[in-house]
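One structure is given here, and the rest of the page talks about it.
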Amino acid sequence: MSSSKTAATNNLEAFWMPYTANRQFKQDPRMFVAAKDMHYTTSDGRQVLDGTAGLWCCNAGHSRPKIVEAVQKQVAELDYAPAFQMGHPKAFELAARLAALMPSPLDHVFFTNSGSESVDTALKIALAYQRAIGQGTRTRLIGRERGYHGTGFGGISVGGIVANRRTFGTMLTGVDHMRHTHDPERNAFSRGIPENGAEYVEDLIRIIQLHDASTIAAVIVEPVAGSTGVLIPPKGYLERLRKICDDNGILLIFDEVITGFGRLGTPFATDFFGVTPDLVTTAKGLTSGVIPMGAVYCSADIYNAFMTGPDHMIELFHGYTYSAHPIACAAALATLDTYEEEGLLTRAADLAQYWEDGLHSLKDCPNIIDIRNLGLIGAIELEGIAGEPTKRAFSAFLKAYDEGLLIRTTGDIIALSPPLIISKDQIDELFTTLRSVLHAID
Ligand code: PMP
């Protein structure tokens, strides 16, 4: 090996890190080497309280014995099985359990390997379904500003994050965006669901008037937009969205990659809001982050349109080498067992008030312009420093890491979504640390 090759493998250069300012990170790297329950262990031996469930995914906490054992057993027994024209029992068992967890009629499950794949799968199913029922003119897709739907071309097209779009130029054509619902002027420091802003949904009516309903296939929204700063839908917004879609033959997709698997105190956000979409995308908490896996739920109507449709539609020309991967299925089944045995899918409901009170107690810290929460998710919005829109929150992130707490930041917003196993004492610890961090930064 040449000496430069050796250097590359021994240093940090080779790994091009995702969504990370590589140069900055590599000057001052932060490494986790182990994790257990609510804590990470850093490479210098410190314990860090996980305030974000990894990246909104480790809902059962870390290295939980049942999940670890299931993965170990599965890899030794059946490491891989093709999902095209072949099956293995755990895929069917998992799909049936997931279907039972989701309200009817969302009874069918298509497996993917990530949230991004789930989103692109749902968009493709929506387009194919419209064709299958003779509505092939419905090709437009509607998303929302500040929506995050992963990194595939479908996802960044319907997504509404400027940086994720402008870097790449070409997007899907025929995509419109509704406005987001973030309205701090009227809703700042709302506890739970904000009162104001349901009228933003009328943007969909404007888009329908512009293009005609007969051209629109589907609308996709996150029930609670997570990655862009925990934007909670105003009262009545999702109900009205469902009604407009119904009146116009438009499919409604909920992206529940973050809200799925107990984040709001119900298994899914669709349960929490009592609004049932036609398709639901999930990932993350499905395996508690242990093995990459995603799942798209669809209604019986959609599934049956293919099963009984024209011959060329009977097979959906879509799928992944690792769809329903046996190890991911084993991890997901053990995760569901853990959620059930420990009551984790409803635990956020029990802790929600305590969480809300703790979070809003930070209101008197410096530079805070909004605090919002729902279930076991929350955000603290900081006043940006002129010309440096992410600096203040990122300083908080670095300081929190030093003080033993993992938070996530987006722009000048701190986002929190701890594992659902968090105790009240750990909630206290989280907010005590955060209070000291917020006082320590400029
Ligand atoms: N949709 C939503 C709502 C998400 O929050 C995310 C990830 N944060 C994704 C899609 C993409 O998931 P992944 O990173 O697993 O592709």
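Residue names in the structure tokens use chain letters A, B, ... in the order shown, residue numbers from 1 in each chain, and ligand numbers from 1 in the order shown.
The residues sitting within 6 Å of ligand 1, with only C-alpha atoms and all ligand atoms considered, come out as A:Ser114, A:Gly115, A:Ser116, A:Tyr148, A:His149, A:Gly150, A:Glu222, A:Gly226, A:Ser227, A:Asp255, A:Glu256, A:Val257, A:Ile258.
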Can I get the selected residues back with N, CA and C atoms, as a short mmCIF file (atom, residue, chain, number, x, y, z; two decimals), in the first residue's frame?
data_model
loop_
_atom_site.label_atom_id
_atom_site.label_comp_id
_atom_site.auth_asym_id
_atom_site.auth_seq_id
_atom_site.Cartn_x
_atom_site.Cartn_y
_atom_site.Cartn_z
N SER A 114 -35.55 2.55 3.90
CA SER A 114 -35.30 3.87 4.50
C SER A 114 -36.54 4.74 4.33
N GLY A 115 -36.50 5.89 4.98
CA GLY A 115 -37.58 6.85 4.80
C GLY A 115 -37.62 7.38 3.38
N SER A 116 -36.45 7.66 2.81
CA SER A 116 -36.41 8.19 1.44
C SER A 116 -37.03 7.20 0.47
N TYR A 148 -39.85 17.80 4.77
CA TYR A 148 -38.68 16.96 4.50
C TYR A 148 -39.16 15.56 4.18
N HIS A 149 -38.86 15.10 2.98
CA HIS A 149 -39.29 13.77 2.58
C HIS A 149 -38.12 12.95 2.05
N GLY A 150 -36.96 13.13 2.68
CA GLY A 150 -35.80 12.33 2.33
C GLY A 150 -35.08 12.87 1.12
N GLU A 222 -45.93 15.79 6.09
CA GLU A 222 -45.62 15.19 7.39
C GLU A 222 -46.71 15.72 8.33
N GLY A 226 -40.95 17.35 11.05
CA GLY A 226 -39.91 17.18 12.08
C GLY A 226 -38.62 17.89 11.77
N SER A 227 -37.98 17.47 10.67
CA SER A 227 -36.61 17.89 10.38
C SER A 227 -36.45 19.39 10.22
N ASP A 255 -46.43 11.36 5.64
CA ASP A 255 -45.06 10.90 5.84
C ASP A 255 -44.84 10.82 7.35
N GLU A 256 -44.93 9.58 7.85
CA GLU A 256 -44.82 9.35 9.31
C GLU A 256 -43.47 8.75 9.68
N VAL A 257 -42.45 9.12 8.92
CA VAL A 257 -41.13 8.56 9.20
C VAL A 257 -40.67 8.97 10.62
N ILE A 258 -41.05 10.16 11.05
CA ILE A 258 -40.73 10.57 12.42
C ILE A 258 -41.89 10.31 13.38
#
Range 295-411 of chain A near range 178-195 of chain A within 8 Å: what's each residue's closest atom pair and its distance in Å to one decimal, counting only C-alpha atoms, ordered by chain then ascending residue number, as a tab-separated table?
residue	atom	partner	partner_atom	distance
A:Glu356	CA	A:Arg191	CA	7.1
A:His360	CA	A:Phe189	CA	7.7
A:Ile369	CA	A:Ala188	CA	7.2
A:Asp370	CA	A:Ala188	CA	5.0
A:Ile371	CA	A:Phe189	CA	4.9
A:Arg372	CA	A:Phe189	CA	5.9
A:Asn373	CA	A:Gly192	CA	5.4
A:Leu374	CA	A:Gly192	CA	5.0
When DSSP works through the backbone of this structure, what residues of range 38-230 of chain A end up as strand (DSSP E or B), shown as a short mmCIF file (atom, residue, chain, number, x, y, z; two decimals) with C-alpha atoms, in the first residue's frame?
data_model
loop_
_atom_site.label_atom_id
_atom_site.label_comp_id
_atom_site.auth_asym_id
_atom_site.auth_seq_id
_atom_site.Cartn_x
_atom_site.Cartn_y
_atom_site.Cartn_z
CA HIS A 39 -27.01 6.93 26.64
CA TYR A 40 -24.21 7.02 24.14
CA THR A 41 -20.59 6.52 25.16
CA THR A 42 -18.09 8.82 23.44
CA GLN A 47 -21.81 9.34 28.76
CA VAL A 48 -24.14 11.44 26.57
CA LEU A 49 -27.88 11.49 27.22
CA ASP A 50 -29.72 10.88 23.95
CA HIS A 62 -30.27 1.62 22.50
CA HIS A 108 -51.24 -3.50 3.16
CA VAL A 109 -47.53 -2.97 3.57
CA PHE A 110 -44.71 -2.55 1.03
CA PHE A 111 -41.20 -2.86 2.48
CA THR A 112 -38.30 -0.49 1.75
CA ARG A 140 -49.06 16.18 -10.49
CA LEU A 141 -47.74 15.83 -6.94
CA ILE A 142 -48.20 18.40 -4.20
CA GLY A 143 -45.88 18.91 -1.25
CA ARG A 144 -45.33 21.66 1.24
CA VAL A 175 -44.83 19.54 -8.45
CA ASP A 176 -46.44 22.36 -6.48
CA HIS A 177 -45.98 23.35 -2.86
CA MET A 178 -48.44 24.61 -0.31
CA ILE A 216 -53.37 16.00 -9.45
CA ALA A 217 -52.44 12.52 -8.19
CA ALA A 218 -51.48 13.05 -4.57
CA VAL A 219 -50.58 15.40 -1.74
CA ILE A 220 -47.83 14.50 0.73
CA VAL A 221 -47.31 16.09 4.14
CA ALA A 225 -42.93 18.40 10.12
#
Long-range neighbours of His88 in chain A as a ChimeraX atom specification, 10 Å cut-off, only C-alpha atoms, 2 positions minimum in chain: /A:78,80-83,86,90-93,324-326,329
Could you pull out the residues in range 21-170 of chain A that DSSP calls alpha helix (DSSP H) from the backbone, as a tab-separated table (two decimals) with N, CA and C atoms, in the first residue's frame?
chain	number	residue	atom	x	y	z
A	22	ASN	N	-18.00	18.64	6.45
A	22	ASN	CA	-16.91	17.68	6.68
A	22	ASN	C	-15.65	18.32	7.23
A	23	ARG	N	-15.27	19.45	6.64
A	23	ARG	CA	-13.99	20.07	7.07
A	23	ARG	C	-14.05	20.46	8.53
A	24	GLN	N	-15.16	21.06	8.89
A	24	GLN	CA	-15.34	21.51	10.27
A	24	GLN	C	-15.30	20.30	11.22
A	25	PHE	N	-16.08	19.26	10.86
A	25	PHE	CA	-16.16	18.08	11.72
A	25	PHE	C	-14.78	17.43	11.90
A	26	LYS	N	-14.06	17.31	10.78
A	26	LYS	CA	-12.82	16.54	10.83
A	26	LYS	C	-11.71	17.24	11.61
A	27	GLN	N	-11.89	18.56	11.80
A	27	GLN	CA	-10.93	19.27	12.67
A	27	GLN	C	-11.20	18.97	14.14
A	53	ALA	N	-33.14	10.47	20.20
A	53	ALA	CA	-33.31	9.08	19.73
A	53	ALA	C	-32.45	8.85	18.48
A	54	GLY	N	-31.16	9.13	18.63
A	54	GLY	CA	-30.26	9.05	17.47
A	54	GLY	C	-30.66	10.15	16.49
A	55	LEU	N	-31.18	9.75	15.35
A	55	LEU	CA	-31.78	10.72	14.41
A	55	LEU	C	-33.28	10.45	14.36
A	56	TRP	N	-33.96	10.67	15.41
A	56	TRP	CA	-35.41	10.48	15.57
A	56	TRP	C	-35.82	9.01	15.36
A	65	PRO	N	-31.94	-5.71	24.67
A	65	PRO	CA	-31.56	-7.13	24.57
A	65	PRO	C	-32.40	-7.93	23.58
A	66	LYS	N	-33.70	-7.75	23.61
A	66	LYS	CA	-34.56	-8.57	22.76
A	66	LYS	C	-34.26	-8.33	21.26
A	67	ILE	N	-34.00	-7.08	20.93
A	67	ILE	CA	-33.74	-6.74	19.52
A	67	ILE	C	-32.35	-7.26	19.12
A	68	VAL	N	-31.40	-7.08	20.01
A	68	VAL	CA	-30.04	-7.55	19.73
A	68	VAL	C	-30.06	-9.07	19.50
A	69	GLU	N	-30.73	-9.79	20.39
A	69	GLU	CA	-30.79	-11.26	20.26
A	69	GLU	C	-31.46	-11.67	18.97
A	70	ALA	N	-32.55	-11.00	18.62
A	70	ALA	CA	-33.30	-11.37	17.40
A	70	ALA	C	-32.42	-11.20	16.17
A	71	VAL	N	-31.65	-10.13	16.15
A	71	VAL	CA	-30.77	-9.88	15.00
A	71	VAL	C	-29.68	-10.95	14.94
A	72	GLN	N	-29.09	-11.24	16.09
A	72	GLN	CA	-28.01	-12.24	16.12
A	72	GLN	C	-28.53	-13.60	15.65
A	73	LYS	N	-29.71	-13.96	16.12
A	73	LYS	CA	-30.29	-15.27	15.78
A	73	LYS	C	-30.60	-15.32	14.28
A	74	GLN	N	-31.18	-14.24	13.78
A	74	GLN	CA	-31.60	-14.24	12.38
A	74	GLN	C	-30.41	-14.31	11.42
A	75	VAL	N	-29.36	-13.59	11.74
A	75	VAL	CA	-28.24	-13.56	10.79
A	75	VAL	C	-27.60	-14.95	10.70
A	76	ALA	N	-27.68	-15.72	11.78
A	76	ALA	CA	-27.11	-17.07	11.75
A	76	ALA	C	-28.05	-18.07	11.06
A	77	GLU	N	-29.33	-17.75	11.01
A	77	GLU	CA	-30.33	-18.72	10.54
A	77	GLU	C	-30.69	-18.53	9.07
A	89	PRO	N	-41.10	-16.39	5.91
A	89	PRO	CA	-42.26	-16.20	6.80
A	89	PRO	C	-42.25	-14.89	7.58
A	90	LYS	N	-41.09	-14.42	8.00
A	90	LYS	CA	-41.08	-13.23	8.86
A	90	LYS	C	-41.59	-11.98	8.12
A	91	ALA	N	-41.41	-11.95	6.80
A	91	ALA	CA	-41.91	-10.79	6.04
A	91	ALA	C	-43.43	-10.72	6.14
A	92	PHE	N	-44.08	-11.86	6.02
A	92	PHE	CA	-45.55	-11.89	6.06
A	92	PHE	C	-46.04	-11.64	7.49
A	93	GLU	N	-45.32	-12.23	8.44
A	93	GLU	CA	-45.70	-12.03	9.85
A	93	GLU	C	-45.59	-10.54	10.22
A	94	LEU	N	-44.49	-9.92	9.78
A	94	LEU	CA	-44.30	-8.51	10.12
A	94	LEU	C	-45.36	-7.64	9.45
A	95	ALA	N	-45.62	-7.90	8.17
A	95	ALA	CA	-46.63	-7.09	7.47
A	95	ALA	C	-47.98	-7.21	8.17
A	96	ALA	N	-48.34	-8.42	8.58
A	96	ALA	CA	-49.63	-8.62	9.25
A	96	ALA	C	-49.67	-7.87	10.58
A	97	ARG	N	-48.55	-7.90	11.31
A	97	ARG	CA	-48.53	-7.18	12.60
A	97	ARG	C	-48.59	-5.68	12.40
A	98	LEU	N	-47.91	-5.21	11.39
A	98	LEU	CA	-47.94	-3.77	11.12
A	98	LEU	C	-49.34	-3.34	10.69
A	99	ALA	N	-49.97	-4.17	9.85
A	99	ALA	CA	-51.32	-3.83	9.39
A	99	ALA	C	-52.28	-3.77	10.57
A	100	ALA	N	-52.09	-4.70	11.53
A	100	ALA	CA	-52.98	-4.72	12.70
A	100	ALA	C	-52.79	-3.47	13.57
A	101	LEU	N	-51.59	-2.91	13.53
A	101	LEU	CA	-51.29	-1.74	14.36
A	101	LEU	C	-51.87	-0.45	13.79
A	115	GLY	N	-36.50	5.89	4.98
A	115	GLY	CA	-37.58	6.85	4.80
A	115	GLY	C	-37.62	7.38	3.38
A	116	SER	N	-36.45	7.66	2.81
A	116	SER	CA	-36.41	8.19	1.44
A	116	SER	C	-37.03	7.20	0.47
A	117	GLU	N	-36.68	5.95	0.63
A	117	GLU	CA	-37.27	4.93	-0.26
A	117	GLU	C	-38.77	4.80	-0.03
A	118	SER	N	-39.19	4.93	1.21
A	118	SER	CA	-40.63	4.86	1.49
A	118	SER	C	-41.37	5.98	0.78
A	119	VAL	N	-40.78	7.17	0.80
A	119	VAL	CA	-41.43	8.32	0.16
A	119	VAL	C	-41.53	8.09	-1.35
A	120	ASP	N	-40.41	7.73	-1.98
A	120	ASP	CA	-40.46	7.53	-3.43
A	120	ASP	C	-41.40	6.38	-3.79
A	121	THR	N	-41.44	5.36	-2.94
A	121	THR	CA	-42.37	4.24	-3.18
A	121	THR	C	-43.81	4.73	-3.11
A	122	ALA	N	-44.13	5.52	-2.09
A	122	ALA	CA	-45.52	5.99	-1.94
A	122	ALA	C	-45.92	6.87	-3.13
A	123	LEU	N	-45.00	7.74	-3.55
A	123	LEU	CA	-45.33	8.62	-4.70
A	123	LEU	C	-45.56	7.77	-5.95
A	124	LYS	N	-44.74	6.75	-6.14
A	124	LYS	CA	-44.89	5.89	-7.33
A	124	LYS	C	-46.18	5.07	-7.26
A	125	ILE	N	-46.51	4.57	-6.06
A	125	ILE	CA	-47.77	3.83	-5.92
A	125	ILE	C	-48.95	4.75	-6.24
A	126	ALA	N	-48.87	5.99	-5.75
A	126	ALA	CA	-49.97	6.93	-6.00
A	126	ALA	C	-50.15	7.16	-7.50
A	127	LEU	N	-49.04	7.37	-8.21
A	127	LEU	CA	-49.12	7.61	-9.66
A	127	LEU	C	-49.64	6.37	-10.38
A	128	ALA	N	-49.12	5.22	-9.99
A	128	ALA	CA	-49.54	3.97	-10.66
A	128	ALA	C	-51.01	3.67	-10.38
A	129	TYR	N	-51.44	3.96	-9.15
A	129	TYR	CA	-52.85	3.72	-8.79
A	129	TYR	C	-53.77	4.58	-9.66
A	130	GLN	N	-53.43	5.85	-9.80
A	130	GLN	CA	-54.30	6.72	-10.62
A	130	GLN	C	-54.40	6.16	-12.04
A	131	ARG	N	-53.33	5.65	-12.57
A	131	ARG	CA	-53.38	5.03	-13.90
A	131	ARG	C	-54.25	3.78	-13.89
A	132	ALA	N	-54.08	2.98	-12.82
A	132	ALA	CA	-54.80	1.70	-12.75
A	132	ALA	C	-56.31	1.91	-12.73
A	153	PHE	N	-35.01	11.67	-5.61
A	153	PHE	CA	-35.46	12.78	-6.46
A	153	PHE	C	-36.94	13.10	-6.24
A	154	GLY	N	-37.73	12.04	-5.96
A	154	GLY	CA	-39.14	12.29	-5.63
A	154	GLY	C	-39.24	13.09	-4.34
A	155	GLY	N	-38.51	12.63	-3.35
A	155	GLY	CA	-38.56	13.25	-2.02
A	155	GLY	C	-38.09	14.70	-2.00
A	156	ILE	N	-36.98	14.99	-2.74
A	156	ILE	CA	-36.53	16.40	-2.71
A	156	ILE	C	-37.43	17.27	-3.58
A	157	SER	N	-38.13	16.66	-4.54
A	157	SER	CA	-39.03	17.45	-5.39
A	157	SER	C	-40.27	17.88	-4.61
A	158	VAL	N	-40.89	16.95	-3.90
A	158	VAL	CA	-42.08	17.32	-3.11
A	158	VAL	C	-41.67	17.99	-1.81
A	162	VAL	N	-35.03	24.51	0.75
A	162	VAL	CA	-34.34	25.19	-0.35
A	162	VAL	C	-32.96	24.57	-0.61
A	163	ALA	N	-32.16	24.39	0.45
A	163	ALA	CA	-30.79	23.91	0.25
A	163	ALA	C	-30.76	22.53	-0.39
A	164	ASN	N	-31.73	21.69	-0.03
A	164	ASN	CA	-31.74	20.33	-0.57
A	164	ASN	C	-32.11	20.31	-2.05
A	165	ARG	N	-32.73	21.39	-2.52
A	165	ARG	CA	-33.20	21.43	-3.89
A	165	ARG	C	-32.23	22.18	-4.79
A	166	ARG	N	-31.75	23.35	-4.31
A	166	ARG	CA	-30.99	24.20	-5.23
A	166	ARG	C	-29.65	23.60	-5.59
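Taking CA of Asn11 in chain A and CA of Ala35 in chain A as endpoints, the distance between them is 23.4 Å.
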Go through A:Leu12, A:Ala393, A:Ala415, A:Ile407 one by one, measure the shortest atom-to-atom distance of each to Ala440 in chain A using only C-alpha atoms, and give the residue with the smallest value.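 Distance minimum relative to Ala440 in chain A lands on A:Ala393.
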